[in-house]
Amino acid sequence: MNSKRPVNLDLSTIHFPLPALTSIAHRITGVILFVGLIFGFWALDASLSSPEGFESVRNALAHNVLVKLIAWGLLSALGFHFVAGIKHLLMDTGYGVDLEGGNRKAQITVVISAVLVVLAGVWVW
């Protein structure tokens with residue numbers, strides 16, 4: 001065993017490249033979407049239970065700031081996760097797997113996702 005190897009366990013000192021950050025964010029948004037299914041299924045169940053349930057969900061989405069924030073967050077996570085998923089599918093086909101292509105695809109992912117986040121915010125608010 002090589003005991004002279006440097007060991008850096010402080011992740012805050014490591015500079016991650018953009019493709020790594022987008023990959024990590026893709027995993028995080030997947031977890032957010034999984035947890036967000038609880039709210040989505042609850043709203044779907046409530047809205048389909050009766051006309052009054054539908055109105056209560058509609059009113060919550062129209063007037064409750066916290067509900068709007070949750071909806072915007074889930075739509076933003078969905079948008080980023082979708083775009084990053086397309087990026088990963090392109091990588092699986094062998095397109096842009098070199099360093100330059102990976103950086104370019106990560107930049108495109110961030111830009112398209114930012115546009116989708118803004119559009120989701122406009123739609124929700």
# chains A, B, ... in the order shown; residues from 1 in each chain; ligands from 1
$ residues_around --residues "Ala20 in chain A" --least-positions-apart "5" --cutoff "10 Å" --atoms "only C-alpha atoms" --output "list in words"
His15, Ala25, His26, Gly102, Asn103 and Ala106 of chain A
$ write_last_selection --atoms "all heavy atoms" --output "PDB file, in the first residue's frame"
ATOM      1  N   HIS A  15     -12.460  21.179  -7.012  1.00  0.00           N
ATOM      2  CA  HIS A  15     -13.144  21.909  -8.083  1.00  0.00           C
ATOM      3  C   HIS A  15     -13.705  20.892  -9.070  1.00  0.00           C
ATOM      4  O   HIS A  15     -12.957  20.232  -9.776  1.00  0.00           O
ATOM      5  CB  HIS A  15     -12.175  22.859  -8.794  1.00  0.00           C
ATOM      6  CG  HIS A  15     -12.762  23.487 -10.008  1.00  0.00           C
ATOM      7  ND1 HIS A  15     -13.724  24.462  -9.925  1.00  0.00           N
ATOM      8  CD2 HIS A  15     -12.557  23.266 -11.322  1.00  0.00           C
ATOM      9  CE1 HIS A  15     -14.069  24.826 -11.147  1.00  0.00           C
ATOM     10  NE2 HIS A  15     -13.369  24.109 -12.014  1.00  0.00           N
ATOM     11  N   ALA A  25     -26.248  17.127 -10.301  1.00  0.00           N
ATOM     12  CA  ALA A  25     -27.555  17.783 -10.253  1.00  0.00           C
ATOM     13  C   ALA A  25     -28.641  16.902 -10.862  1.00  0.00           C
ATOM     14  O   ALA A  25     -29.786  16.905 -10.405  1.00  0.00           O
ATOM     15  CB  ALA A  25     -27.499  19.128 -10.981  1.00  0.00           C
ATOM     16  N   HIS A  26     -28.283  16.112 -11.880  1.00  0.00           N
ATOM     17  CA  HIS A  26     -29.239  15.179 -12.481  1.00  0.00           C
ATOM     18  C   HIS A  26     -29.694  14.154 -11.456  1.00  0.00           C
ATOM     19  O   HIS A  26     -30.887  13.834 -11.363  1.00  0.00           O
ATOM     20  CB  HIS A  26     -28.592  14.498 -13.686  1.00  0.00           C
ATOM     21  CG  HIS A  26     -29.495  13.585 -14.435  1.00  0.00           C
ATOM     22  ND1 HIS A  26     -29.197  12.252 -14.623  1.00  0.00           N
ATOM     23  CD2 HIS A  26     -30.690  13.791 -15.037  1.00  0.00           C
ATOM     24  CE1 HIS A  26     -30.170  11.691 -15.311  1.00  0.00           C
ATOM     25  NE2 HIS A  26     -31.088  12.603 -15.578  1.00  0.00           N
ATOM     26  N   GLY A 102     -18.195  16.871 -23.893  1.00  0.00           N
ATOM     27  CA  GLY A 102     -18.828  16.812 -22.580  1.00  0.00           C
ATOM     28  C   GLY A 102     -19.048  18.193 -21.986  1.00  0.00           C
ATOM     29  O   GLY A 102     -20.101  18.469 -21.408  1.00  0.00           O
ATOM     30  N   ASN A 103     -18.047  19.043 -22.130  1.00  0.00           N
ATOM     31  CA  ASN A 103     -18.183  20.419 -21.630  1.00  0.00           C
ATOM     32  C   ASN A 103     -19.258  21.178 -22.394  1.00  0.00           C
ATOM     33  O   ASN A 103     -20.066  21.895 -21.794  1.00  0.00           O
ATOM     34  CB  ASN A 103     -16.850  21.164 -21.736  1.00  0.00           C
ATOM     35  CG  ASN A 103     -15.892  20.770 -20.634  1.00  0.00           C
ATOM     36  OD1 ASN A 103     -16.307  20.446 -19.534  1.00  0.00           O
ATOM     37  ND2 ASN A 103     -14.608  20.790 -20.954  1.00  0.00           N
ATOM     38  N   ALA A 106     -22.711  19.961 -21.403  1.00  0.00           N
ATOM     39  CA  ALA A 106     -23.045  20.435 -20.059  1.00  0.00           C
ATOM     40  C   ALA A 106     -23.478  21.902 -20.108  1.00  0.00           C
ATOM     41  O   ALA A 106     -24.433  22.300 -19.432  1.00  0.00           O
ATOM     42  CB  ALA A 106     -21.859  20.250 -19.120  1.00  0.00           C
TER      43      ALA A 106
END
$ residues_around --residues "His81 in chain A" --least-positions-apart "5" --cutoff "12 Å" --atoms "only C-alpha atoms" --output "JSON, numbers by chain"
{"A": [22, 23, 24, 25, 26, 27, 28, 29, 30, 31, 32, 33, 34, 73, 74, 75, 76, 86, 87, 88, 109, 110, 112, 113, 114, 116, 117]}
$ select_by_dssp --residues "chain A" --states "alpha helix (DSSP H)" --output "PyMOL selection string"
chain A and resi 18-49+51-63+65-92+99-124
$ residues_around --residues "Arg104 in chain A" --least-positions-apart "6" --cutoff "12 Å" --atoms "only C-alpha atoms" --output "list in words"
Pro17, Leu18, Pro19, Thr22, Lys87, Tyr95, Gly96, Val97, Asp98, Val110 and Val111 of chain A
$ atom_distance --atom1 "CA of Leu69 in chain A" --atom2 "CA of Ser56 in chain A"
16.9 Å
$ atom_distance --atom1 "CA of Ala43 in chain A" --atom2 "CA of Val122 in chain A"
20.8 Å
$ atom_distance --atom1 "CA of Pro51 in chain A" --atom2 "CA of Leu78 in chain A"
28.0 Å
$ closest_residue --among "A:Ser49, A:Asn64, A:Ser12, A:Ser3" --to "Trp125 in chain A" --atoms "only C-alpha atoms"
A:Asn64
$ closest_residue --among "A:Gly53, A:Leu44, A:Leu99, A:Gly36" --to "Ile70 in chain A" --atoms "only C-alpha atoms"
A:Gly36
$ closest_residue --among "A:Val124, A:Met91, A:Phe80, A:Leu37" --to "Arg58 in chain A" --atoms "only C-alpha atoms"
A:Val124
$ closest_residue --among "A:Lys4, A:Lys105, A:His63, A:Lys68" --to "Leu90 in chain A" --atoms "only C-alpha atoms"
A:Lys105
$ closest_residue --among "A:Ser47, A:Leu89, A:Gly79, A:Phe41" --to "Leu61 in chain A" --atoms "only C-alpha atoms"
A:Ser47
